[in-house]
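Structure file data.cif with mmCIF, C-alpha atoms:
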data_final
loop_
_atom_site.label_atom_id
_atom_site.label_comp_id
_atom_site.auth_asym_id
_atom_site.auth_seq_id
_atom_site.Cartn_x
_atom_site.Cartn_y
_atom_site.Cartn_z
CA MET B 1 131.88 121.47 102.17
CA ALA B 2 130.29 119.86 105.19
CA ARG B 3 132.51 117.62 107.29
CA ALA B 4 131.86 113.90 106.73
CA THR B 5 130.59 111.60 109.46
CA ALA B 6 131.97 108.14 110.16
CA ALA B 7 129.22 106.73 107.96
CA GLY B 8 130.47 108.81 105.07
CA TYR B 9 127.60 111.29 104.95
CA PRO B 10 128.12 115.04 105.49
CA ARG B 11 127.00 116.35 108.85
CA GLN B 12 123.56 117.91 109.15
CA MET B 13 123.21 121.68 109.20
CA PRO B 14 122.83 123.01 112.78
CA SER B 15 119.38 124.26 113.85
CA PRO B 16 117.82 124.19 110.36
CA SER B 17 115.38 126.98 109.51
CA PHE B 18 113.10 126.87 106.48
CA ALA B 19 112.71 129.63 103.94
CA LEU B 20 109.03 130.32 103.31
CA HIS B 21 107.79 130.74 99.74
CA LEU B 22 104.07 130.71 100.42
CA ALA B 23 101.26 130.41 97.92
CA THR B 24 99.56 133.65 96.95
CA LYS B 25 96.22 131.87 96.63
CA ARG B 26 94.96 129.36 99.17
CA SER B 27 92.70 126.39 98.46
CA GLN B 28 89.54 125.70 100.42
CA ARG B 29 89.71 122.71 102.72
CA PRO B 30 86.82 120.23 102.24
CA PRO B 31 84.27 119.98 105.06
CA ASP B 32 85.30 117.55 107.78
CA SER B 33 82.33 115.33 106.94
CA GLU B 34 83.69 114.78 103.41
CA LEU B 35 87.26 113.88 104.33
CA VAL B 36 88.60 110.52 103.24
CA PHE B 37 92.14 109.23 103.61
CA GLY B 38 94.92 110.71 101.51
CA ARG B 39 92.99 112.27 98.62
CA VAL B 40 93.27 116.01 99.30
CA PHE B 41 96.52 117.83 100.15
CA THR B 42 97.37 121.10 101.82
CA ASP B 43 98.62 124.23 100.07
CA HIS B 44 102.33 123.66 100.72
CA MET B 45 105.12 121.12 101.00
CA ALA B 46 108.52 121.22 102.68
CA ILE B 47 111.57 120.27 100.59
CA VAL B 48 115.29 119.78 101.27
CA ASP B 49 117.90 118.69 98.71
CA TYR B 50 121.00 116.54 99.14
CA ASP B 51 124.20 115.86 97.29
CA VAL B 52 127.36 114.15 98.45
CA GLU B 53 129.37 117.38 98.48
CA ARG B 54 126.96 119.61 100.39
CA GLY B 55 124.87 117.24 102.47
CA TRP B 56 121.29 118.34 103.06
CA PHE B 57 120.79 121.92 101.90
CA ASP B 58 118.25 124.58 100.89
CA PRO B 59 115.39 123.81 103.33
CA ARG B 60 112.22 125.52 102.16
CA VAL B 61 108.43 125.50 102.24
CA VAL B 62 106.91 126.00 98.80
CA PRO B 63 103.46 125.73 97.19
CA TYR B 64 102.30 122.13 96.78
CA GLY B 65 102.93 120.85 93.27
CA PRO B 66 104.69 118.30 91.05
CA LEU B 67 108.31 117.40 91.64
CA ALA B 68 110.71 117.79 88.72
CA LEU B 69 112.37 114.38 88.27
CA ASP B 70 114.58 113.20 85.47
CA PRO B 71 113.18 110.04 83.81
CA ALA B 72 116.41 108.31 84.86
CA ALA B 73 116.02 109.25 88.56
CA ALA B 74 117.17 106.29 90.63
CA VAL B 75 113.98 106.04 92.66
CA LEU B 76 112.00 105.34 89.49
CA HIS B 77 114.19 102.39 88.53
CA TYR B 78 115.60 100.93 91.73
CA ALA B 79 113.01 101.99 94.33
CA GLN B 80 115.56 103.74 96.54
CA GLY B 81 113.10 105.61 98.69
CA MET B 82 111.46 105.53 102.09
CA PHE B 83 108.81 107.40 104.05
CA ASP B 84 107.10 107.72 107.39
CA GLY B 85 103.62 108.71 108.45
CA LEU B 86 102.36 110.60 111.47
CA LYS B 87 99.44 112.79 112.45
CA ALA B 88 98.64 116.19 113.88
CA PHE B 89 95.40 116.68 115.81
CA ARG B 90 93.35 119.72 116.66
CA GLY B 91 92.34 119.28 120.26
CA ASP B 92 89.12 120.24 121.92
CA ASP B 93 90.97 123.35 123.14
CA GLY B 94 91.80 124.36 119.55
CA LYS B 95 95.51 123.65 119.87
CA VAL B 96 97.32 121.62 117.22
CA ARG B 97 99.47 118.76 118.52
CA PHE B 98 101.61 116.07 116.90
CA PHE B 99 101.44 112.50 118.18
CA ARG B 100 104.91 111.13 118.95
CA LEU B 101 106.71 113.47 116.58
CA ASP B 102 110.21 112.68 117.87
CA ARG B 103 109.69 108.92 117.62
CA HIS B 104 108.62 109.19 113.98
CA CYS B 105 111.60 111.41 113.15
CA ARG B 106 113.93 108.91 114.82
CA ARG B 107 112.46 106.01 112.83
CA LEU B 108 112.90 107.92 109.57
CA HIS B 109 116.52 108.58 110.50
CA ASP B 110 117.32 105.06 111.69
CA GLY B 111 115.84 103.27 108.68
CA ALA B 112 117.85 105.15 106.09
CA THR B 113 121.10 103.20 106.50
CA ARG B 114 119.45 99.92 105.46
CA LEU B 115 118.49 101.56 102.15
CA CYS B 116 121.86 103.32 101.65
CA ILE B 117 120.07 106.66 101.96
CA PRO B 118 121.79 109.53 103.78
CA PRO B 119 119.93 109.83 107.09
CA VAL B 120 117.73 112.85 107.64
CA ASP B 121 118.81 114.00 111.08
CA GLU B 122 115.97 114.22 113.57
CA PRO B 123 116.18 118.03 114.05
CA LEU B 124 115.87 118.54 110.28
CA ALA B 125 112.92 116.17 109.94
CA ARG B 126 111.22 117.77 112.91
CA ALA B 127 111.83 121.28 111.55
CA ALA B 128 110.45 120.32 108.14
CA ILE B 129 107.27 118.89 109.61
CA VAL B 130 106.72 121.80 111.98
CA ALA B 131 107.40 124.36 109.24
CA LEU B 132 104.88 122.76 106.89
CA VAL B 133 102.12 122.38 109.47
CA SER B 134 102.72 125.93 110.71
CA ALA B 135 102.20 127.19 107.15
CA ASP B 136 99.06 125.09 106.72
CA ARG B 137 97.71 125.19 110.27
CA ASP B 138 94.20 125.98 109.03
CA TRP B 139 94.13 122.62 107.23
CA VAL B 140 94.10 120.67 110.51
CA PRO B 141 90.46 119.57 110.89
CA SER B 142 88.65 119.67 114.22
CA THR B 143 85.90 117.04 114.14
CA ALA B 144 86.41 113.91 116.26
CA GLY B 145 88.01 111.17 114.17
CA THR B 146 89.74 113.59 111.80
CA SER B 147 93.38 114.67 111.72
CA LEU B 148 96.14 115.95 109.48
CA TYR B 149 98.13 113.03 108.09
CA ILE B 150 101.78 113.95 107.45
CA ARG B 151 104.00 112.08 105.02
CA PRO B 152 107.78 112.74 105.18
CA THR B 153 109.53 111.03 102.24
CA VAL B 154 113.06 110.61 100.92
CA ILE B 155 113.75 109.64 97.31
CA ALA B 156 116.89 109.13 95.22
CA SER B 157 116.75 111.87 92.60
CA GLU B 158 120.09 111.41 90.81
CA PRO B 159 119.59 110.47 87.13
CA PHE B 160 121.59 107.36 86.27
CA LEU B 161 121.08 103.76 85.21
CA GLY B 162 123.26 101.57 87.35
CA VAL B 163 122.73 99.65 90.55
CA ARG B 164 124.46 101.66 93.28
CA PRO B 165 123.39 104.18 95.92
CA ALA B 166 122.47 107.52 94.42
CA LYS B 167 124.48 110.66 95.07
CA ARG B 168 121.52 113.06 95.06
CA TYR B 169 118.29 112.88 97.07
CA THR B 170 115.17 114.88 97.78
CA PHE B 171 113.50 114.97 101.18
CA PHE B 172 109.97 116.32 101.13
CA VAL B 173 106.98 116.48 103.45
CA ILE B 174 103.35 116.67 102.34
CA ALA B 175 100.16 116.65 104.40
CA SER B 176 96.54 115.62 103.93
CA PRO B 177 93.47 116.30 106.10
CA VAL B 178 91.90 112.90 106.68
CA GLY B 179 88.92 111.13 108.13
CA ALA B 180 88.86 107.49 109.22
CA TYR B 181 91.32 105.28 107.31
CA ALA B 182 88.86 102.68 106.04
CA GLY B 183 85.75 104.83 106.11
CA GLU B 184 84.62 104.15 109.67
CA ALA B 185 86.74 104.49 112.78
CA PHE B 186 87.27 101.35 114.88
CA SER B 187 85.45 99.19 112.35
CA PRO B 188 86.02 95.39 112.69
CA ALA B 189 87.85 93.80 109.76
CA LYS B 190 87.70 90.33 108.27
CA ILE B 191 91.26 89.14 107.60
CA LEU B 192 92.67 86.37 105.39
CA VAL B 193 95.80 84.65 106.65
CA GLU B 194 98.29 84.73 103.76
CA ASP B 195 100.17 81.48 103.15
CA LYS B 196 101.43 82.01 99.58
CA TYR B 197 102.88 85.48 99.05
CA VAL B 198 105.71 87.01 101.09
CA ARG B 199 105.79 90.68 102.08
CA SER B 200 109.15 90.56 103.79
CA ALA B 201 111.70 88.14 105.19
CA VAL B 202 114.22 88.40 107.98
CA GLY B 203 117.20 90.21 106.50
CA GLY B 204 114.96 92.06 104.04
CA LEU B 205 113.31 95.47 104.24
CA GLY B 206 110.39 94.74 106.54
CA GLY B 207 111.90 96.63 109.45
CA VAL B 208 111.99 99.95 107.57
CA LYS B 209 109.29 101.95 105.81
CA ALA B 210 110.53 101.30 102.29
CA GLY B 211 108.07 101.73 99.46
CA ALA B 212 109.07 98.28 98.20
CA ASN B 213 107.39 96.68 101.23
CA TYR B 214 104.04 98.09 100.23
CA ILE B 215 104.13 97.22 96.55
CA ALA B 216 105.03 93.68 97.64
CA SER B 217 101.79 93.55 99.63
CA LEU B 218 99.33 94.62 96.94
CA ARG B 219 98.79 91.36 95.06
CA ALA B 220 97.89 89.43 98.19
CA ALA B 221 95.64 92.25 99.44
CA GLU B 222 93.75 92.44 96.15
CA ASP B 223 93.28 88.67 96.07
CA ALA B 224 91.97 88.74 99.63
CA LYS B 225 89.47 91.49 98.82
CA ALA B 226 88.22 89.49 95.85
CA ARG B 227 87.44 86.68 98.31
CA GLY B 228 85.47 88.94 100.64
CA TYR B 229 88.18 89.88 103.15
CA ASN B 230 89.34 93.37 104.10
CA GLN B 231 93.05 92.62 104.32
CA VAL B 232 95.67 89.93 104.84
CA LEU B 233 97.54 88.69 107.87
CA TRP B 234 101.13 88.07 106.86
CA THR B 235 102.97 84.94 107.95
CA ASP B 236 106.69 84.26 108.06
CA ALA B 237 108.52 83.76 104.77
CA HIS B 238 109.99 80.38 105.72
CA GLU B 239 107.14 78.25 107.09
CA HIS B 240 104.05 80.42 106.46
CA THR B 241 102.78 79.71 109.93
CA TYR B 242 104.17 82.35 112.33
CA LEU B 243 102.21 85.61 112.32
CA GLU B 244 103.83 88.93 111.48
CA GLU B 245 101.75 91.98 110.45
CA VAL B 246 98.10 92.48 109.64
CA GLY B 247 97.86 94.52 106.46
CA THR B 248 100.09 97.53 107.15
CA MET B 249 99.65 97.32 110.92
CA ASN B 250 101.33 95.55 113.80
CA LEU B 251 99.41 92.65 115.30
CA VAL B 252 98.20 91.96 118.85
CA VAL B 253 96.39 88.78 119.92
CA ARG B 254 94.69 88.17 123.27
CA ILE B 255 94.74 84.53 124.35
CA GLY B 256 93.29 84.05 127.79
CA ASP B 257 94.85 86.78 129.93
CA GLU B 258 97.98 87.15 127.76
CA LEU B 259 98.36 89.76 125.03
CA VAL B 260 100.89 88.65 122.43
CA THR B 261 102.58 90.64 119.67
CA PRO B 262 105.16 89.15 117.32
CA PRO B 263 108.74 90.16 118.19
CA LEU B 264 110.73 92.60 116.09
CA GLY B 265 113.35 90.74 114.13
CA GLY B 266 113.95 92.51 110.86
CA SER B 267 110.80 91.57 108.98
CA ILE B 268 108.37 93.55 111.16
CA LEU B 269 108.17 97.32 111.44
CA ASP B 270 108.87 98.88 114.83
CA GLY B 271 105.48 100.58 114.95
CA VAL B 272 105.02 103.77 116.93
CA THR B 273 101.44 102.82 117.81
CA ARG B 274 102.70 99.32 118.70
CA ASP B 275 105.09 100.87 121.20
CA SER B 276 102.28 103.02 122.60
CA VAL B 277 100.00 99.99 122.96
CA ILE B 278 102.64 97.93 124.76
CA THR B 279 103.38 100.84 127.10
CA LEU B 280 99.72 101.29 128.05
CA LEU B 281 98.99 97.58 128.45
CA ARG B 282 101.91 97.11 130.81
CA GLU B 283 100.87 100.16 132.84
CA TRP B 284 97.38 98.65 133.06
CA LYS B 285 99.00 95.47 134.49
CA PHE B 286 98.16 93.21 131.57
CA GLN B 287 100.46 90.32 130.74
CA VAL B 288 102.19 91.38 127.50
CA SER B 289 104.53 89.09 125.56
CA GLU B 290 106.65 89.83 122.51
CA ARG B 291 107.08 86.30 121.23
CA PRO B 292 106.53 84.13 118.13
CA LEU B 293 102.89 83.24 117.58
CA GLY B 294 101.91 80.50 115.15
CA MET B 295 98.60 79.66 113.51
CA GLU B 296 98.56 76.33 115.31
CA GLU B 297 98.34 78.18 118.61
CA ILE B 298 95.64 80.49 117.24
CA VAL B 299 93.51 77.59 115.99
CA SER B 300 93.94 75.72 119.27
CA ALA B 301 92.96 78.80 121.29
CA HIS B 302 89.92 79.37 119.07
CA ARG B 303 88.74 75.79 119.49
CA GLY B 304 89.37 75.92 123.24
CA GLY B 305 87.53 79.22 123.69
CA SER B 306 90.54 81.23 124.89
CA LEU B 307 91.02 83.37 121.74
CA ARG B 308 89.50 86.56 123.10
CA GLU B 309 90.68 89.36 120.79
CA ILE B 310 92.78 90.08 117.73
CA PHE B 311 93.54 93.61 116.57
CA GLY B 312 95.92 95.60 114.44
CA CYS B 313 97.53 98.86 115.54
CA GLY B 314 99.04 101.61 113.43
CA THR B 315 99.13 105.33 112.74
CA ALA B 316 96.38 105.43 110.11
CA ALA B 317 93.59 103.66 112.04
CA VAL B 318 95.04 103.54 115.60
CA ILE B 319 93.29 100.24 116.46
CA THR B 320 91.47 97.92 114.06
CA PRO B 321 89.64 94.97 115.66
CA VAL B 322 89.62 91.69 113.73
CA SER B 323 86.22 90.04 113.48
CA ALA B 324 87.35 86.83 111.77
CA LEU B 325 90.46 85.10 110.43
CA GLY B 326 90.29 83.13 107.20
CA TRP B 327 92.58 80.10 107.40
CA LYS B 328 92.63 76.98 105.24
CA GLY B 329 89.09 77.49 104.02
CA GLU B 330 87.63 78.21 107.46
CA ASP B 331 86.69 81.50 109.10
CA LEU B 332 87.70 81.68 112.74
CA VAL B 333 85.25 84.18 114.25
CA VAL B 334 86.76 86.23 117.08
CA ASN B 335 84.65 87.46 120.01
CA ASP B 336 81.43 86.89 118.05
CA GLY B 337 82.75 89.31 115.41
CA GLN B 338 82.71 92.26 117.82
CA PRO B 339 85.52 94.48 119.12
CA GLY B 340 86.98 93.31 122.41
CA GLU B 341 87.25 95.25 125.65
CA VAL B 342 91.02 95.75 125.45
CA SER B 343 91.02 97.02 121.87
CA ARG B 344 88.20 99.43 122.72
CA ARG B 345 90.01 100.66 125.82
CA LEU B 346 93.22 101.22 123.87
CA PHE B 347 91.44 103.08 121.06
CA ASP B 348 89.67 105.35 123.52
CA ALA B 349 92.78 106.00 125.62
CA ILE B 350 95.08 106.84 122.71
CA SER B 351 92.44 108.96 120.99
CA ALA B 352 91.79 110.91 124.19
CA VAL B 353 95.47 111.81 124.47
CA GLN B 354 95.69 112.73 120.79
CA TYR B 355 92.76 115.16 121.01
CA GLY B 356 93.84 116.65 124.33
CA ARG B 357 90.92 115.18 126.26
CA ALA B 358 93.16 113.27 128.67
CA PRO B 359 96.49 113.92 130.43
CA ASP B 360 99.69 113.10 128.53
CA PRO B 361 101.94 111.53 131.19
CA HIS B 362 104.32 110.04 128.59
CA GLY B 363 104.98 113.29 126.75
CA TRP B 364 103.67 111.81 123.50
CA MET B 365 102.15 115.04 122.22
CA THR B 366 104.09 118.01 120.83
CA ALA B 367 102.15 121.27 120.62
CA LEU B 368 102.52 123.57 117.64
CA ASP B 369 103.50 127.06 118.78
#

Represent the structure contained in this file as structure tokens.
Amino acid sequence: MARATAAGYPRQMPSPSFALHLATKRSQRPPDSELVFGRVFTDHMAIVDYDVERGWFDPRVVPYGPLALDPAAAVLHYAQGMFDGLKAFRGDDGKVRFFRLDRHCRRLHDGATRLCIPPVDEPLARAAIVALVSADRDWVPSTAGTSLYIRPTVIASEPFLGVRPAKRYTFFVIASPVGAYAGEAFSPAKILVEDKYVRSAVGGLGGVKAGANYIASLRAAEDAKARGYNQVLWTDAHEHTYLEEVGTMNLVVRIGDELVTPPLGGSILDGVTRDSVITLLREWKFQVSERPLGMEEIVSAHRGGSLREIFGCGTAAVITPVSALGWKGEDLVVNDGQPGEVSRRLFDAISAVQYGRAPDPHGWMTALD
């Protein structure tokens, strides 16, 4: 039996290697021009099992297909599960590279404790992702704006009905060749400020990528779409005035010469793209603040002419400019509804690194051997 850590979980296997059980028949990848987000999946998936006696064991790559889950599996009843999302890109030189692979693996590891899930050590998560993409390398598209979206996921698979942490889990990784997240890359979005529903509160699950966060967001998002908006801008759970996330992305607002993003505090996800944006903005000598930002300040800046840009940032879309904010029956149009200069510069800079068209001074890209 594996030796237990201080947290009570068995230690991770050293230098995990994945057994390959590859499909005898391969599917045909759709043309790049027909790719949408998250509808088609590659030929394989990586899987690792866990139980309290053995820790994580039996790492393997197998043909993509349904998971065998007992109807009493804990994830189906108590939502004990989490995921992450990252991308691999085929550069102009033909090489396949992951964007910030280690950072995503670290976030998957660090978030597990909050959900009482045994952490997937970073070397294991990295090995699973690399093994899957190596097996399905031909699925990485090459057209500008396309990528391979990778979804590592952990679910509680023990069958029982009782509210406690499960004793068995499944870690799996699937991948999907994708085009632009919302149909058109860098497309401005009209956003409704949400002042009724709550996605997450301080002390809740907002700081980790738990599936429960996303189901909590659906009702508000559907209501906003019915009113002609693309998504919602979440406000704090207590006063419904301080801004948090825009849809499933982190938020950045440019007021005058200051770029503001809400501070991490337990209800906001520590976004990988958010970190990349902050890094670049500070290198470019912009004034960047991680501080609370209320709607009162937004409205005042809009009326005074200093609200210059609002945009979301995240893995799926990279940068999404906001064309207007709906608040209390009024639409606050931002920058005449057009993307701003900073959001455009960020989108271009990050995309250039991802596709190998620009130097990578931060070591954000990991090349597939």

Notebook entry, point to check: So which residues touch Ala317 of chain B within 12 Å, counting all atoms listed in the file, skipping near sequence neighbours fewer than 4 positions away, as number ranges by chain?
Noted result: B: 37, 85-87, 145-147, 149, 178-189, 247-250, 273, 311-313, 321, 347, 350-351

Keeping C-alpha atoms for every residue in the selection just given, could you write it to a file as a JSON list (two decimals), in the frame of the given file?
[["chain", "number", "residue", "atom", "x", "y", "z"],
["B", 37, "PHE", "CA", 92.14, 109.23, 103.61],
["B", 85, "GLY", "CA", 103.62, 108.71, 108.45],
["B", 86, "LEU", "CA", 102.36, 110.60, 111.47],
["B", 87, "LYS", "CA", 99.44, 112.79, 112.45],
["B", 145, "GLY", "CA", 88.01, 111.17, 114.17],
["B", 146, "THR", "CA", 89.74, 113.59, 111.80],
["B", 147, "SER", "CA", 93.38, 114.67, 111.72],
["B", 149, "TYR", "CA", 98.13, 113.03, 108.09],
["B", 178, "VAL", "CA", 91.90, 112.90, 106.68],
["B", 179, "GLY", "CA", 88.92, 111.13, 108.13],
["B", 180, "ALA", "CA", 88.86, 107.49, 109.22],
["B", 181, "TYR", "CA", 91.32, 105.28, 107.31],
["B", 182, "ALA", "CA", 88.86, 102.68, 106.04],
["B", 183, "GLY", "CA", 85.75, 104.83, 106.11],
["B", 184, "GLU", "CA", 84.62, 104.15, 109.67],
["B", 185, "ALA", "CA", 86.74, 104.49, 112.78],
["B", 186, "PHE", "CA", 87.27, 101.35, 114.88],
["B", 187, "SER", "CA", 85.45, 99.19, 112.35],
["B", 188, "PRO", "CA", 86.02, 95.39, 112.69],
["B", 189, "ALA", "CA", 87.85, 93.80, 109.76],
["B", 247, "GLY", "CA", 97.86, 94.52, 106.46],
["B", 248, "THR", "CA", 100.09, 97.53, 107.15],
["B", 249, "MET", "CA", 99.65, 97.32, 110.92],
["B", 250, "ASN", "CA", 101.33, 95.55, 113.80],
["B", 273, "THR", "CA", 101.44, 102.82, 117.81],
["B", 311, "PHE", "CA", 93.54, 93.61, 116.57],
["B", 312, "GLY", "CA", 95.92, 95.60, 114.44],
["B", 313, "CYS", "CA", 97.53, 98.86, 115.54],
["B", 321, "PRO", "CA", 89.64, 94.97, 115.66],
["B", 347, "PHE", "CA", 91.44, 103.08, 121.06],
["B", 350, "ILE", "CA", 95.08, 106.84, 122.71],
["B", 351, "SER", "CA", 92.44, 108.96, 120.99]]

Next item on the list: Enter the distance from atom CA of Lys95 of chain B to atom CA of Leu368 of chain B, in Å, rounded to one decimal.
Entry: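 A separation of 7.4 Å between them.
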
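Here the question is which of B:Phe171, B:Trp327, B:Tyr197, B:Trp284 gets nearest to Asp84 of chain B using all atoms listed in the file, and that residue is B:Phe171.
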
Notebook entry, point to check: Could you pull the residues within 9 Å of Trp234 of chain B, counting all atoms listed in the file, minus those fewer than 5 positions along the same chain, as number ranges by chain?
Noted result: B: 192-195, 197-200, 240, 242-247

What would the file look like if the residues just selected were written as a compact mmCIF listing (two decimals), in the frame of the given file with C-alpha atoms?
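Wrote out_25.txt, looks like this:
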# COMPACT_ATOMS: atom_id res chain seq x y z
CA LEU B 192 92.67 86.37 105.39
CA VAL B 193 95.80 84.65 106.65
CA GLU B 194 98.29 84.73 103.76
CA ASP B 195 100.17 81.48 103.15
CA TYR B 197 102.88 85.48 99.05
CA VAL B 198 105.71 87.01 101.09
CA ARG B 199 105.79 90.68 102.08
CA SER B 200 109.15 90.56 103.79
CA HIS B 240 104.05 80.42 106.46
CA TYR B 242 104.17 82.35 112.33
CA LEU B 243 102.21 85.61 112.32
CA GLU B 244 103.83 88.93 111.48
CA GLU B 245 101.75 91.98 110.45
CA VAL B 246 98.10 92.48 109.64
CA GLY B 247 97.86 94.52 106.46

Note to self: When the PyMOL selection byres ((chain B and resi 256-260) around 6) is applied to the structure above, which residues does it catch, written out as number ranges by chain?
What the structure shows: B: 252-255, 261, 287-290, 306

Notebook entry, point to check: Can you tell me how far atom CA of Ala224 of chain B sits from atom CA of Ala324 of chain B, in Å to one decimal?
Noted result: 13.1 Å

Notebook entry, point to check: Do you have the atom CA of Thr315 of chain B-atom CA of Asp223 of chain B distance handy?
Noted result: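 Distance reported for this atom pair: 24.3 Å.
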
Check: Closest to Gly340 of chain B among B:Lys209, B:Arg308, B:Arg97, B:His44, using only C-alpha atoms?
Finding: B:Arg308

Checklist line | Explicit residue set for the PyMOL selection byres ((chain B and resi 46) around 9), as a PyMOL selection string | finding: chain B and resi 18+44-45+47-48+59-64+128-129+131-132+152+171-174

Checklist line | For Gly363 of chain B, the nearest of the candidates B:Ser176, B:Asn230, B:Ser157, B:Ser276, counting all atoms listed in the file | finding: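 Distance minimum relative to Gly363 of chain B lands on B:Ser276.
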
Next item on the list: Pick out the closest residue to Gln80 of chain B from this set: B:Trp364, B:Tyr169, B:Trp139, B:Phe286. Count all atoms listed in the file.
Entry: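 Under the stated criterion, the closest residue is B:Tyr169.
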
Checklist line | Contact residues around Asp49 of chain B with only C-alpha atoms at 6 Å, ignoring same-chain residues under 2 positions, as an MDAnalysis selection string | finding: chainID B and resid 56:57 170

Just the selected residues (C-alpha atoms), exported as a compact mmCIF listing (two decimals), in the frame of the given file, please.
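This is the output file again.txt:
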# COMPACT_ATOMS: atom_id res chain seq x y z
CA TRP B 56 121.29 118.34 103.06
CA PHE B 57 120.79 121.92 101.90
CA THR B 170 115.17 114.88 97.78

Next item on the list: Within 10 Å of Leu76 of chain B, counting all atoms listed in the file, which residues show up once you throw out same-chain ones fewer than 6 positions away? Write them as a PyMOL selection string, please.
Entry: chain B and resi 69-70+155-157+159

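For the structure shown here, the set of residues caught by the PyMOL selection byres ((chain B and resi 121) around 9) is Arg11, Gln12, Cys105, Arg106, Leu108, His109, Pro119, Val120, Glu122, Pro123, Leu124, Ala125 and Arg126 of chain B.
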
Next item on the list: In the coordinate frame of the file, compute which residues have an atom within 12 Å of (123.2, 99.6, 108.9) when using only C-alpha atoms, and state them as a list in words.
Entry: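 The requested residues, written out, are Ala7, His109, Asp110, Gly111, Ala112, Thr113, Arg114, Leu115, Cys116, Ile117, Pro118, Pro119, Gly203, Leu205, Gly207, Val208 and Gly266 of chain B.
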
Checklist line | Residues within 9 Å of Arg357 of chain B, all atoms listed in the file, excluding chain neighbours under 2 positions, as a ChimeraX atom specification | finding: /B:91-93,351-355,359

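Closest approach to Arg344 of chain B from the set B:Asp360, B:Asp102, B:Glu309, B:Asp270 is made by B:Glu309, with distances taken over all atoms listed in the file.
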
Once 6 Å is added on each side, what are the centre and the three edge lengths, in Å to one decimal, of the axis-aligned box enclosing the listed atoms of segment 155-167 of chain B? Present them as lines of an AutoDock Vina configuration file.
center_x = 119.1
center_y = 105.8
center_z = 91.3
size_x = 22.7
size_y = 24.2
size_z = 24.1

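If you measure from each of B:Thr153, B:Asn335, B:Glu283, B:Pro292 to Pro361 of chain B using only C-alpha atoms, the closest one turns out to be B:Glu283.
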